[in-house]
Structure formats: C-alpha cells, structure tokens
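Student: Dropping the structure in here first, questions after.
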Amino acid sequence: MSEKEVPFTIYAETTPNPKTMKFVANKILVPYGATVEYNSELECQDAPLAKVLFTFPFVESLFFSSNFVSITKKDFIEWDDVVMEMREYLTNYLRADQPIFTKPPKTTGHETKNEDNQSEKIKVTSTPQNEMEEKIINLLEEYVRPAVEGDGGAIHFKSFDEGKVTVKLSGACSGCPSSTQTLKFGIENLFKEHLPEVQEVVAEDA
C-alpha cells in the first residue's frame with residue numbers, strides 16, 4: 001500500500017500539563033520548523049482545523065507542531081470526559097481530507113546548514129547575533145527540543161545576556177506546573193555542563 005493510501009490515525013497522549021492533551025497523527029501536520037499556536041477562534045483565519053476545534057466549548061488553546069496538536073482545555077471539564085470524542089473528531093476530519101491550513105504556517109527561525117550542506121530550519125524566535133548564541137541554539141535543538149516536543153510543547157530561544165538564557169515555552173509547556181522545575185533542574189544543568197558561560201535559564205513571561 002502506498003503512503004498516500006494510508007489513512008490518518010490519531011492517538012491521545014497525556015502531557016506533564018494536566019490541562020493539555022497531545023493528539024498525535026501518523027502523518028505530518030505542519031512542516032518541520034513550524035510551530036503554530038492559537039488562543040482564540042479569531043486567530044484561525046488560515047487554519048480551518050483550528051477554527052472548528054474552537055467550536056468545542058472546552059477548548060482554551062491549540063498548539064500545532066510536526067505530527068501533533070496539543071489541546072489545552074478549560075477547567076470546567078476533565079479530559080476523561082472528552083478525550084475519546086476529540087480523538088474521534090480529529091481522526092474523521094483528517095480522513096475526510098479536509099484542510100489543516102489554507103496557507104502554509106509561518107516558520108520561525110533562521111536557516112543553517114547540516115553536514116550534507118542542506119538548509120535546515122532552526123526553530124527560534126530570535127536570530128543568533130554571535131557564536132555563543134549559535135551554540136545555545138544548537139544545544140536546544142539537539143538535546144532539548146525532542147524532549148519538549150515529546151511532551152507536546154516547544155521551546156524557543158529569545159536572548160542571552162550576562163550569563164542568563166531566556167527562552168519561551170509554547171504548547172503543553174506553557175503554564176505547566178512542572179515547567180519551572182524542568183528549566184531549573186533539567187535544561188539549566190544541561191547548559192551549565194556544556195556551556196559554562198550559562199549561569200541561569202529562565203522562561204519569558206507570557
């Protein structure tokens with residue numbers, strides 16, 4: 001069976017944020033390097049799937065990256081009550097070949113070259129200004145990004161100043177009760193080990 005004939009399937013996966021559930025597809029939803037976050041239906045003019053998801057009264061925000069969408073719910077309902085409904089809806093929507101985006105989502109970041117001299121997109125919100133910032137971004141991409149995406153979120157480099165790295169957390173990581181602990185005992189220690197110039201890692205306020 002060719003790849004085109006393989007239907008979409010969706011499975012639900014919990015995240016460290018109890019308000020957010022990650023719905024993972026067996027195909028790419030957005031191109032590599034693109035992360036898209038929506039906080040209201042008004043932001044979804046070019047995103048039909050996101051727009052219809054906001055018609056569910058419990059949906060608070062949406063985050064698309066790679067092959068998943070992280071959905072953050074409102075407090076009046078529990079995921080156990082709606083997760084199967086949402087999984088079924090997403091599966092039927094994608095299998096019907098309905099559009100996810102009407103325009104390609106914007107890719108944040110700058111281009112860099114890999115070992116084969118091919119262009120790759122690095123998911124950052126600020127272009128590196130020097131070699132140190134380039135090292136920080138590479139460390140985020142190699143060690144941090146895969147783990148954060150596994151939890152249904154994304155991390156973006158913002159700045160480096162006087163030993164302090166500032167990042168922005170999106171998706172399930174935004175507002176997650178364990179995100180501060182992850183920053184301090186995971187990401188910060190990783191940076192201190194590989195780049196002694198880094199003394200602190202903080203998340204930008206939303």
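Ordering of the structure tokens sets the chain letters (A, B, ...); residue numbers start at 1 within each chain; ligands are numbered from 1 in the order shown.
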Mind listing the helix (DSSP H, G or I) residues of range 3-168 of chain A, per DSSP on the backbone, as a PyMOL selection string?
Tutor: chain A and resi 3-5+41-43+48-53+79-95+131-150
Student: Could you name the residues that touch Ala154 in chain A at 6 Å or less, counting only C-alpha atoms, but leaving out those on the same chain fewer than 5 positions away, as an MDAnalysis selection string?
Tutor: chainID A and resid 148:149 169:170
Student: Please report the interatomic distance between CA of Leu42 in chain A and CA of Lys168 in chain A in Å with one decimal.
Tutor: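 Computed distance, CA of Leu42 in chain A to CA of Lys168 in chain A, equals 22.7 Å.
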Student: Running DSSP on the backbone, which parts of range 31-85 of chain A land in strand (DSSP E or B), as a CSV table (one decimal) with C-alpha atoms, in the first residue's frame?
Tutor:
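Saved as states_22.csv:
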chain,number,residue,atom,x,y,z
A,35,THR,CA,5.1,25.8,15.3
A,36,VAL,CA,1.7,27.5,15.4
A,37,GLU,CA,-0.2,28.5,18.5
A,38,TYR,CA,-3.8,29.8,18.7
A,59,VAL,CA,-11.0,24.2,24.1
A,60,GLU,CA,-8.9,27.0,25.5
A,61,SER,CA,-5.8,27.0,23.2
A,62,LEU,CA,-4.2,25.0,20.4
A,63,PHE,CA,-0.6,24.3,19.5
A,64,PHE,CA,0.5,22.6,16.3
A,65,SER,CA,4.0,21.2,15.6
A,68,PHE,CA,0.7,16.6,16.7
A,69,VAL,CA,-1.7,19.1,18.0
A,70,SER,CA,-1.7,19.9,21.7
A,71,ILE,CA,-5.1,21.0,23.1
A,72,THR,CA,-5.4,22.9,26.3
A,73,LYS,CA,-8.8,22.6,27.9
Student: Give me the residues near range 23-31 of chain A as a compact mmCIF listing (two decimals) with N, CA, C and O atoms, in the first residue's frame, where near means some atom within 6 Å (using only C-alpha atoms) and where sequence neighbours in that chain fewer than 3 positions away do not count.
Tutor:
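Contents of result_9.txt, as written:
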# COMPACT_ATOMS: atom_id res chain seq x y z
N THR A 9 -4.45 8.24 11.30
CA THR A 9 -4.86 7.71 12.60
C THR A 9 -4.38 8.69 13.67
O THR A 9 -3.36 9.36 13.50
N ILE A 10 -5.10 8.76 14.75
CA ILE A 10 -4.79 9.68 15.84
C ILE A 10 -4.79 8.90 17.15
O ILE A 10 -5.68 8.07 17.39
N TYR A 11 -3.79 9.15 17.97
CA TYR A 11 -3.87 8.63 19.33
C TYR A 11 -3.61 9.77 20.32
O TYR A 11 -2.93 10.75 19.99
N ALA A 12 -4.18 9.65 21.50
CA ALA A 12 -4.07 10.68 22.52
C ALA A 12 -2.96 10.31 23.51
O ALA A 12 -2.78 9.15 23.85
N ALA A 34 8.03 24.52 11.76
CA ALA A 34 6.88 25.39 12.00
C ALA A 34 6.19 25.00 13.29
O ALA A 34 5.94 23.83 13.55
N SER A 66 4.92 19.68 14.02
CA SER A 66 5.27 18.37 13.46
C SER A 66 4.01 17.54 13.20
O SER A 66 3.16 17.92 12.42
N ASN A 67 3.87 16.40 13.89
CA ASN A 67 2.75 15.49 13.64
C ASN A 67 1.73 15.48 14.78
O ASN A 67 1.02 14.50 14.97
N PHE A 68 1.65 16.57 15.54
CA PHE A 68 0.70 16.56 16.65
C PHE A 68 0.07 17.94 16.85
O PHE A 68 0.59 18.97 16.42
N VAL A 69 -1.07 17.91 17.53
CA VAL A 69 -1.70 19.13 18.03
C VAL A 69 -1.92 18.95 19.53
O VAL A 69 -2.46 17.92 19.97
Student: Quick one: distance from CA of Thr91 in chain A to CA of Phe8 in chain A in Å, one decimal?
Tutor: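 Atom-to-atom, CA of Thr91 in chain A and CA of Phe8 in chain A are spaced 6.4 Å apart.
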Student: List as a PyMOL selection string the protein and nucleic acid residues near Val82 in chain A, meaning an atom at most 12 Å away when only C-alpha atoms are counted, but skip any in the same chain fewer than 4 places from it.
Tutor: chain A and resi 12+21+56-59+71+73-74+76-78+86-89
Student: Set the distance at 12 Å and use only C-alpha atoms: which residues neighbour Leu190 in chain A once local chain neighbours fewer than 3 positions away are removed? I'd like the list as an MDAnalysis selection string.
Tutor: chainID A and resid 136 139:140 142:144 182:187 193:201
Student: Those residues you just picked out, can you put them in a file as a compact mmCIF listing (two decimals), in the first residue's frame with N, CA, C and O atoms?
Tutor:
# COMPACT_ATOMS: atom_id res chain seq x y z
N ILE A 136 24.14 28.04 21.87
CA ILE A 136 22.96 27.85 22.72
C ILE A 136 21.81 27.24 21.91
O ILE A 136 21.16 26.29 22.34
N LEU A 139 22.42 23.63 21.06
CA LEU A 139 22.21 22.78 22.23
C LEU A 139 20.71 22.55 22.46
O LEU A 139 20.27 21.43 22.76
N LEU A 140 19.91 23.60 22.31
CA LEU A 140 18.46 23.47 22.45
C LEU A 140 17.91 22.50 21.41
O LEU A 140 17.07 21.65 21.72
N GLU A 142 19.48 20.07 19.70
CA GLU A 142 19.96 18.68 19.78
C GLU A 142 19.43 17.94 20.99
O GLU A 142 19.04 16.77 20.90
N TYR A 143 19.41 18.61 22.15
CA TYR A 143 19.10 17.91 23.39
C TYR A 143 17.73 18.23 23.98
O TYR A 143 17.12 17.38 24.62
N VAL A 144 17.26 19.46 23.78
CA VAL A 144 16.06 19.89 24.49
C VAL A 144 14.80 19.76 23.64
O VAL A 144 13.78 19.27 24.11
N THR A 182 11.56 21.78 35.44
CA THR A 182 12.28 21.29 34.27
C THR A 182 13.36 22.28 33.85
O THR A 182 14.48 21.90 33.52
N LEU A 183 13.03 23.56 33.86
CA LEU A 183 14.01 24.59 33.49
C LEU A 183 15.20 24.57 34.44
O LEU A 183 16.35 24.59 34.01
N LYS A 184 14.93 24.52 35.74
CA LYS A 184 15.99 24.67 36.72
C LYS A 184 16.84 23.42 36.89
O LYS A 184 18.06 23.50 37.02
N PHE A 185 16.19 22.26 36.89
CA PHE A 185 16.93 21.04 37.20
C PHE A 185 17.26 20.21 35.96
O PHE A 185 18.04 19.27 36.04
N GLY A 186 16.69 20.56 34.83
CA GLY A 186 16.99 19.84 33.60
C GLY A 186 17.77 20.68 32.62
O GLY A 186 18.97 20.50 32.41
N ILE A 187 17.11 21.66 32.04
CA ILE A 187 17.71 22.47 30.98
C ILE A 187 18.86 23.31 31.51
O ILE A 187 19.93 23.39 30.89
N GLU A 193 26.60 22.33 32.10
CA GLU A 193 27.56 21.26 31.81
C GLU A 193 28.26 21.47 30.48
O GLU A 193 29.47 21.26 30.36
N HIS A 194 27.52 21.89 29.47
CA HIS A 194 28.08 22.04 28.12
C HIS A 194 28.62 23.43 27.84
O HIS A 194 29.56 23.59 27.05
N LEU A 195 28.00 24.44 28.44
CA LEU A 195 28.41 25.83 28.20
C LEU A 195 28.53 26.54 29.56
O LEU A 195 27.55 27.10 30.06
N PRO A 196 29.72 26.53 30.16
CA PRO A 196 29.90 27.14 31.48
C PRO A 196 29.54 28.62 31.52
O PRO A 196 29.29 29.16 32.60
N GLU A 197 29.51 29.26 30.36
CA GLU A 197 29.14 30.69 30.33
C GLU A 197 27.69 30.92 30.76
O GLU A 197 27.33 32.01 31.19
N VAL A 198 26.88 29.89 30.64
CA VAL A 198 25.46 30.00 31.01
C VAL A 198 25.31 29.71 32.51
O VAL A 198 25.68 28.63 32.99
N GLN A 199 24.76 30.67 33.23
CA GLN A 199 24.57 30.53 34.66
C GLN A 199 23.11 30.33 35.06
O GLN A 199 22.81 29.83 36.14
N GLU A 200 22.20 30.71 34.17
CA GLU A 200 20.77 30.65 34.52
C GLU A 200 19.95 30.53 33.26
O GLU A 200 20.30 31.07 32.21
N VAL A 201 18.83 29.77 33.34
CA VAL A 201 17.87 29.67 32.24
C VAL A 201 16.50 30.05 32.79
O VAL A 201 16.05 29.49 33.80
Student: Tell me, in Å to one decimal, how far CA of Pro7 in chain A is from CA of Met84 in chain A.
Tutor: 18.4 Å
Student: Name the residues in contact with Ser159 in chain A at a cut-off of 12 Å, using only C-alpha atoms, excluding same-chain residues fewer than 2 positions from it; report them as an mmCIF file with N, CA, C and O atoms, in the first residue's frame.
Tutor:
data_model
loop_
_atom_site.group_PDB
_atom_site.id
_atom_site.type_symbol
_atom_site.label_atom_id
_atom_site.label_comp_id
_atom_site.auth_asym_id
_atom_site.auth_seq_id
_atom_site.Cartn_x
_atom_site.Cartn_y
_atom_site.Cartn_z
ATOM 1 N N VAL A 124 13.663 29.102 16.249
ATOM 2 C CA VAL A 124 13.953 30.119 17.233
ATOM 3 C C VAL A 124 13.156 31.353 16.877
ATOM 4 O O VAL A 124 12.726 31.538 15.753
ATOM 5 N N THR A 125 12.957 32.216 17.856
ATOM 6 C CA THR A 125 12.244 33.452 17.594
ATOM 7 C C THR A 125 13.196 34.628 17.459
ATOM 8 O O THR A 125 12.772 35.724 17.144
ATOM 9 N N SER A 126 14.481 34.417 17.728
ATOM 10 C CA SER A 126 15.478 35.461 17.559
ATOM 11 C C SER A 126 16.644 34.898 16.761
ATOM 12 O O SER A 126 17.087 33.783 17.008
ATOM 13 N N THR A 127 17.146 35.669 15.826
ATOM 14 C CA THR A 127 18.292 35.243 15.040
ATOM 15 C C THR A 127 19.551 35.386 15.888
ATOM 16 O O THR A 127 19.751 36.424 16.512
ATOM 17 N N PRO A 128 20.415 34.377 15.931
ATOM 18 C CA PRO A 128 21.633 34.481 16.743
ATOM 19 C C PRO A 128 22.521 35.616 16.263
ATOM 20 O O PRO A 128 22.719 35.810 15.075
ATOM 21 N N GLN A 129 23.053 36.354 17.214
ATOM 22 C CA GLN A 129 23.879 37.517 16.898
ATOM 23 C C GLN A 129 25.369 37.225 16.997
ATOM 24 O O GLN A 129 26.187 38.032 16.552
ATOM 25 N N ASN A 130 25.715 36.081 17.565
ATOM 26 C CA ASN A 130 27.132 35.771 17.744
ATOM 27 C C ASN A 130 27.298 34.259 17.905
ATOM 28 O O ASN A 130 26.327 33.495 17.916
ATOM 29 N N MET A 132 28.227 32.525 20.481
ATOM 30 C CA MET A 132 27.677 31.987 21.725
ATOM 31 C C MET A 132 26.195 31.671 21.577
ATOM 32 O O MET A 132 25.730 30.602 21.996
ATOM 33 N N GLU A 133 25.449 32.581 20.981
ATOM 34 C CA GLU A 133 24.031 32.332 20.788
ATOM 35 C C GLU A 133 23.805 31.158 19.843
ATOM 36 O O GLU A 133 22.864 30.390 20.007
ATOM 37 N N GLU A 134 24.669 31.009 18.851
ATOM 38 C CA GLU A 134 24.574 29.873 17.941
ATOM 39 C C GLU A 134 24.774 28.563 18.695
ATOM 40 O O GLU A 134 24.054 27.574 18.479
ATOM 41 N N ILE A 136 24.136 28.045 21.867
ATOM 42 C CA ILE A 136 22.959 27.850 22.715
ATOM 43 C C ILE A 136 21.815 27.244 21.912
ATOM 44 O O ILE A 136 21.160 26.290 22.336
ATOM 45 N N ILE A 137 21.594 27.796 20.726
ATOM 46 C CA ILE A 137 20.511 27.304 19.876
ATOM 47 C C ILE A 137 20.759 25.860 19.463
ATOM 48 O O ILE A 137 19.848 25.025 19.486
ATOM 49 N N HIS A 156 11.687 27.961 22.494
ATOM 50 C CA HIS A 156 12.297 28.883 21.549
ATOM 51 C C HIS A 156 13.327 29.752 22.269
ATOM 52 O O HIS A 156 13.056 30.268 23.357
ATOM 53 N N PHE A 157 14.462 29.912 21.657
ATOM 54 C CA PHE A 157 15.478 30.813 22.192
ATOM 55 C C PHE A 157 15.047 32.260 21.985
ATOM 56 O O PHE A 157 14.573 32.635 20.910
ATOM 57 N N ASP A 161 22.077 37.100 27.869
ATOM 58 C CA ASP A 161 22.647 38.337 28.387
ATOM 59 C C ASP A 161 23.218 38.089 29.777
ATOM 60 O O ASP A 161 22.511 37.629 30.679
ATOM 61 N N GLU A 162 24.518 38.382 29.930
ATOM 62 C CA GLU A 162 25.201 38.294 31.222
ATOM 63 C C GLU A 162 24.960 36.954 31.905
ATOM 64 O O GLU A 162 24.603 36.885 33.082
ATOM 65 N N GLY A 163 25.134 35.887 31.153
ATOM 66 C CA GLY A 163 25.031 34.536 31.708
ATOM 67 C C GLY A 163 23.631 33.982 31.802
ATOM 68 O O GLY A 163 23.449 32.826 32.214
ATOM 69 N N LYS A 164 22.629 34.751 31.414
ATOM 70 C CA LYS A 164 21.232 34.301 31.521
ATOM 71 C C LYS A 164 20.644 34.033 30.145
ATOM 72 O O LYS A 164 20.615 34.911 29.284
ATOM 73 N N VAL A 165 20.157 32.805 29.949
ATOM 74 C CA VAL A 165 19.448 32.430 28.727
ATOM 75 C C VAL A 165 17.953 32.584 28.972
ATOM 76 O O VAL A 165 17.421 32.041 29.949
ATOM 77 N N THR A 166 17.293 33.325 28.091
ATOM 78 C CA THR A 166 15.844 33.474 28.175
ATOM 79 C C THR A 166 15.194 32.704 27.037
ATOM 80 O O THR A 166 15.596 32.841 25.880
ATOM 81 N N VAL A 167 14.221 31.867 27.373
ATOM 82 C CA VAL A 167 13.523 31.060 26.381
ATOM 83 C C VAL A 167 12.023 31.320 26.497
ATOM 84 O O VAL A 167 11.549 31.884 27.478
ATOM 85 N N LYS A 168 11.296 30.898 25.483
ATOM 86 C CA LYS A 168 9.839 30.965 25.515
ATOM 87 C C LYS A 168 9.305 29.560 25.351
ATOM 88 O O LYS A 168 9.707 28.832 24.447
ATOM 89 N N VAL A 198 26.876 29.889 30.640
ATOM 90 C CA VAL A 198 25.460 29.999 31.015
ATOM 91 C C VAL A 198 25.312 29.709 32.512
ATOM 92 O O VAL A 198 25.677 28.634 32.986
ATOM 93 N N GLU A 200 22.199 30.713 34.171
ATOM 94 C CA GLU A 200 20.773 30.646 34.524
ATOM 95 C C GLU A 200 19.948 30.527 33.257
ATOM 96 O O GLU A 200 20.297 31.073 32.213
ATOM 97 N N VAL A 201 18.826 29.773 33.340
ATOM 98 C CA VAL A 201 17.866 29.672 32.236
ATOM 99 C C VAL A 201 16.500 30.051 32.790
ATOM 100 O O VAL A 201 16.047 29.487 33.798
ATOM 101 N N VAL A 202 15.856 31.018 32.139
ATOM 102 C CA VAL A 202 14.549 31.476 32.598
ATOM 103 C C VAL A 202 13.579 31.460 31.416
ATOM 104 O O VAL A 202 13.978 31.551 30.256
ATOM 105 N N ALA A 203 12.291 31.344 31.733
ATOM 106 C CA ALA A 203 11.249 31.398 30.719
ATOM 107 C C ALA A 203 10.651 32.784 30.698
ATOM 108 O O ALA A 203 10.388 33.394 31.738
ATOM 109 N N GLU A 204 10.448 33.293 29.482
ATOM 110 C CA GLU A 204 9.829 34.604 29.312
ATOM 111 C C GLU A 204 8.389 34.555 29.778
ATOM 112 O O GLU A 204 7.668 33.602 29.488
#
Student: Which is closer to Lys22 in chain A than all the others in A:Leu90, A:Lys103, A:Arg145, A:Glu188, using only C-alpha atoms?
Tutor: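 Using only C-alpha atoms, the shortest distance to Lys22 in chain A belongs to A:Leu90.
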